[in-house]
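A.B. asks: Next comes the structure file start19.cif, holding mmCIF, C-alpha atoms.
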data_protein
loop_
_atom_site.label_atom_id
_atom_site.label_comp_id
_atom_site.auth_asym_id
_atom_site.auth_seq_id
_atom_site.Cartn_x
_atom_site.Cartn_y
_atom_site.Cartn_z
CA GLN A 1 6.80 10.42 -30.21
CA PHE A 2 5.83 6.75 -29.85
CA GLU A 3 6.39 7.00 -26.08
CA GLN A 4 4.13 10.08 -25.85
CA GLN A 5 1.39 8.34 -27.81
CA HIS A 6 1.70 5.26 -25.60
CA GLN A 7 1.38 7.44 -22.47
CA LEU A 8 -1.69 9.20 -23.91
CA ASP A 9 -3.29 5.84 -24.79
CA ALA A 10 -2.62 4.51 -21.28
CA ALA A 11 -4.01 7.67 -19.68
CA GLY A 12 -7.12 7.42 -21.86
CA LYS A 13 -7.68 3.79 -20.91
CA ALA A 14 -7.20 4.56 -17.22
CA LYS A 15 -9.71 7.44 -17.41
CA LYS A 16 -12.21 5.22 -19.23
CA LYS A 17 -11.86 2.52 -16.55
CA ARG A 18 -12.24 5.12 -13.80
CA ASP A 19 -15.30 6.67 -15.44
CA SER A 20 -16.99 3.29 -15.95
CA SER A 21 -16.30 2.07 -12.41
CA ILE A 22 -19.08 1.72 -9.87
CA LYS A 23 -18.57 4.07 -6.92
CA VAL A 24 -19.17 2.28 -3.62
CA ASP A 25 -19.10 4.17 -0.32
CA ILE A 26 -17.38 2.01 2.28
CA GLU A 27 -16.92 3.59 5.71
CA GLY A 28 -16.80 7.07 4.11
CA LEU A 29 -14.26 5.98 1.51
CA GLU A 30 -15.11 5.90 -2.19
CA VAL A 31 -14.05 2.54 -3.62
CA LEU A 32 -14.14 2.23 -7.40
CA PHE A 33 -15.33 -1.26 -8.30
CA PRO A 34 -15.25 -2.58 -11.90
CA ARG A 35 -18.89 -3.79 -11.68
CA GLN A 36 -21.79 -3.72 -9.26
CA PRO A 37 -20.50 -5.51 -6.12
CA TYR A 38 -22.43 -8.28 -4.42
CA PRO A 39 -23.62 -7.59 -0.85
CA GLN A 40 -21.01 -10.01 0.55
CA GLN A 41 -18.27 -8.07 -1.30
CA VAL A 42 -19.45 -4.81 0.28
CA GLN A 43 -19.50 -6.49 3.71
CA TYR A 44 -16.00 -7.88 3.10
CA MET A 45 -14.69 -4.41 2.18
CA GLN A 46 -16.38 -2.86 5.24
CA SER A 47 -14.72 -5.38 7.56
CA LEU A 48 -11.35 -4.97 5.86
CA LEU A 49 -11.36 -1.16 5.93
CA ALA A 50 -12.60 -1.03 9.52
CA SER A 51 -9.60 -3.09 10.62
CA VAL A 52 -7.18 -1.12 8.42
CA LYS A 53 -8.38 2.20 9.83
CA ARG A 54 -7.88 0.86 13.37
CA SER A 55 -4.45 -0.56 12.42
CA GLU A 56 -5.60 -4.02 13.39
CA ASN A 57 -5.06 -7.42 11.85
CA ALA A 58 -8.06 -9.06 10.23
CA LEU A 59 -8.88 -12.66 9.50
CA LEU A 60 -11.55 -12.55 6.80
CA GLU A 61 -13.05 -15.53 5.06
CA SER A 62 -15.69 -16.09 2.44
CA PRO A 63 -16.62 -19.05 0.23
CA THR A 64 -14.87 -19.68 -3.08
CA GLY A 65 -16.09 -17.47 -5.91
CA THR A 66 -17.46 -14.62 -3.80
CA GLY A 67 -14.97 -12.02 -5.01
CA LYS A 68 -12.60 -11.85 -2.04
CA THR A 69 -9.54 -10.96 -4.10
CA LEU A 70 -11.22 -8.19 -6.07
CA SER A 71 -12.82 -6.80 -2.90
CA LEU A 72 -9.52 -6.83 -1.02
CA LEU A 73 -7.52 -5.23 -3.83
CA THR A 74 -9.98 -2.46 -4.69
CA ALA A 75 -10.62 -1.49 -1.07
CA LEU A 76 -6.93 -1.39 -0.22
CA CYS A 77 -6.01 0.52 -3.39
CA ALA A 78 -8.71 3.12 -2.65
CA TRP A 79 -7.49 3.44 0.94
CA LEU A 80 -3.87 3.79 -0.21
CA GLU A 81 -4.77 6.54 -2.71
CA VAL A 82 -6.62 8.58 -0.10
CA THR A 83 -4.04 8.02 2.62
CA ARG A 84 -1.18 9.08 0.37
CA ALA A 85 -3.09 12.11 -0.93
CA SER A 86 -3.95 13.28 2.59
CA SER A 87 -0.36 12.75 3.79
CA HIS A 88 1.03 14.79 0.91
CA ALA A 89 -1.58 17.51 1.39
CA GLN A 90 -0.75 17.73 5.09
CA LEU A 91 2.95 18.03 4.30
CA ILE A 92 2.24 20.88 1.88
CA LEU A 93 0.05 22.66 4.44
CA GLU A 94 2.66 22.28 7.18
CA ASN A 95 5.29 23.88 4.95
CA SER A 96 3.03 26.59 3.53
CA GLY A 97 3.42 29.11 6.34
CA VAL A 98 -0.31 29.42 7.10
CA ASP A 99 -1.26 29.95 10.74
CA ASP A 100 -2.57 27.08 12.88
CA GLN A 101 -6.21 28.14 12.71
CA GLU A 102 -6.18 28.43 8.91
CA ARG A 103 -4.32 25.11 8.59
CA LYS A 104 -6.93 23.40 10.78
CA ARG A 105 -9.74 24.84 8.63
CA LEU A 106 -8.02 23.68 5.44
CA MET A 107 -7.41 20.20 6.91
CA GLU A 108 -11.12 19.89 7.79
CA SER A 109 -12.05 21.03 4.29
CA LEU A 110 -9.63 18.53 2.79
CA SER A 111 -11.08 15.75 4.96
CA GLY A 112 -14.55 16.44 3.60
CA ALA A 113 -13.32 16.62 0.01
CA ILE A 114 -11.51 13.28 0.07
CA GLY A 115 -13.93 11.45 2.35
CA HIS A 116 -11.29 10.60 4.93
CA ALA A 117 -10.40 12.32 8.16
CA VAL A 118 -6.98 13.94 7.87
CA LYS A 119 -5.46 13.89 11.33
CA GLU A 120 -2.66 16.06 12.65
CA GLY A 121 0.57 14.12 12.41
CA GLU A 122 -0.81 11.50 9.99
CA GLY A 123 1.81 10.17 7.63
CA GLU A 124 4.73 12.00 9.21
CA GLY A 125 8.35 10.98 8.91
CA GLY A 126 10.07 7.99 7.49
CA GLY A 127 10.10 8.77 3.80
CA ALA A 128 12.93 9.96 1.60
CA GLY A 129 13.26 13.69 1.05
CA GLY A 130 10.91 14.57 3.90
CA LEU A 131 7.94 12.89 2.25
CA PRO A 132 5.62 10.77 4.38
CA SER A 133 6.51 7.11 4.57
CA SER A 134 4.28 5.03 2.32
CA HIS A 135 2.21 2.05 3.25
CA LYS A 136 2.74 -1.15 1.31
CA VAL A 137 0.41 -4.03 0.62
CA ILE A 138 1.97 -7.46 0.40
CA PHE A 139 -0.34 -9.98 -1.24
CA MET A 140 0.80 -13.54 -0.83
CA SER A 141 -0.61 -16.78 -2.12
CA ARG A 142 0.30 -20.42 -1.97
CA THR A 143 0.56 -20.87 -5.75
CA HIS A 144 1.92 -18.85 -8.64
CA THR A 145 -1.37 -19.43 -10.49
CA GLN A 146 -3.30 -17.75 -7.68
CA LEU A 147 -0.92 -14.79 -7.76
CA MET A 148 -1.38 -14.40 -11.49
CA GLN A 149 -5.17 -14.56 -11.05
CA ALA A 150 -4.90 -11.73 -8.50
CA VAL A 151 -2.87 -9.65 -10.97
CA GLU A 152 -5.52 -10.27 -13.63
CA GLN A 153 -8.24 -9.21 -11.18
CA LEU A 154 -6.33 -6.01 -10.42
CA LYS A 155 -6.08 -5.25 -14.15
CA THR A 156 -9.91 -5.17 -14.34
CA THR A 157 -9.92 -2.22 -11.94
CA CYS A 158 -9.02 1.42 -12.50
CA TYR A 159 -6.24 1.19 -9.91
CA GLU A 160 -2.67 0.94 -11.16
CA PRO A 161 -0.38 0.41 -8.19
CA LYS A 162 3.28 -0.40 -8.57
CA MET A 163 3.71 -4.12 -8.14
CA ALA A 164 6.17 -6.95 -8.42
CA VAL A 165 5.38 -10.63 -8.60
CA LEU A 166 7.93 -12.84 -6.90
CA ALA A 167 7.93 -16.56 -7.54
CA SER A 168 9.82 -19.64 -6.55
CA ARG A 169 12.72 -21.07 -8.52
CA GLU A 170 10.29 -23.50 -10.11
CA HIS A 171 8.64 -20.62 -11.99
CA THR A 172 11.72 -18.50 -12.68
CA CYS A 173 14.33 -21.03 -13.79
#
Take the structure in the file and give it back as C-alpha cells.

C.D. replies:
Amino acid sequence: QFEQQHQLDAAGKAKKKRDSSIKVDIEGLEVLFPRQPYPQQVQYMQSLLASVKRSENALLESPTGTGKTLSLLTALCAWLEVTRASSHAQLILENSGVDDQERKRLMESLSGAIGHAVKEGEGEGGGAGGLPSSHKVIFMSRTHTQLMQAVEQLKTTCYEPKMAVLASREHTC
C-alpha cells in the first residue's frame, strides 16, 4: 500500500510539473520548459534540434549563466519522447494489418498530432523484442559538481528520463 501511495504521489507531482511548464514550440516540437525561456535559450534549442533532426554534430556555445544545460536537457528530452512515441506508433501500425493507404493516412494524422513528421522506416530494427532501438543521450562534464548541477537542473523539469551518474574513483571510494 505504501508503494501504491508513493507511485500516486510521484504521478501527481509529475502531472503538476507538466501542467505548470511553459510550452515552447521549437522547430515544430513542443518543449516543456520549467519557466519562461530567455531568447538565447530558445535560439540554443533551435540550433540543437535542427542538428539532431539532421543527424549532425553540433558545437554550441553560450556565455556562463545563459541556461545552456537546461536548454539542452529539455530540448533533447522532448525530442526523445516524441521520437520514441512515433517509433512505437509506427510499429503498432505496421503490425495492425491495415492497408498501405490507410496506414499512410494514419501516419500523417499521427505526425500532425505529435508535431513531428513520422517517416516510413523511422525507428526500425535494433531493439529487443522487435521494438525500435532507442536513442540515448550521454551528458558528460569535466567535474562531478557540474554533473550534479545538471541532474538538479533536470529535476526542475517535467521530464523524468532514466539516468545514471558515473564518477571517478575519487568520488566513489

A.B. asks: Run the PyMOL selection byres ((chain A and resi 34-49) around 6) mentally over the shown coordinates, then write out the matched residues as a VMD selection string, using the chain letters and numbers from the document.

C.D. replies: chain A and resid 21 to 22 26 33 50 to 53 71 75 157

A.B. asks: Hey, which of A:Val165, A:Gln90, A:Glu160, A:Lys16 ends up closest to Lys104 in chain A? Count all atoms listed in the file.

C.D. replies: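 Checking each of A:Val165, A:Gln90, A:Glu160, A:Lys16 against Lys104 in chain A, counting all atoms listed in the file, the winner is A:Gln90.
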
A.B. asks: Just how far from CA of Val24 in chain A is CA of Lys136 in chain A, in Å to one decimal?

C.D. replies: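 Answer for the CA of Lys136 in chain A to CA of Val24 in chain A separation: 22.7 Å.
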
A.B. asks: Rounded to one decimal, what separation in Å do you get between CA of Gln149 in chain A and CA of Gly67 in chain A?

C.D. replies: 11.8 Å

A.B. asks: Could you tell me which of A:Lys68, A:Arg54, A:Arg142, A:Arg105 comes closest to Leu154 in chain A if we count only C-alpha atoms?

C.D. replies: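 Using only C-alpha atoms, Leu154 in chain A sits closest to A:Lys68.
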
A.B. asks: Would you list the contacts of Ala150 in chain A as a list in words, taking every protein, DNA or RNA residue within 9 Å and counting only C-alpha atoms, but skipping same-chain residues closer than 3 positions in sequence?

C.D. replies: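 Non-adjacent residues within range: Thr69, Leu70, Leu73, Phe139, Thr145, Gln146, Leu147, Gln153, Leu154 and Lys155 of chain A.
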
A.B. asks: Between CA of Val137 in chain A and CA of Pro161 in chain A, what is the spacing in Å?

C.D. replies: 9.9 Å
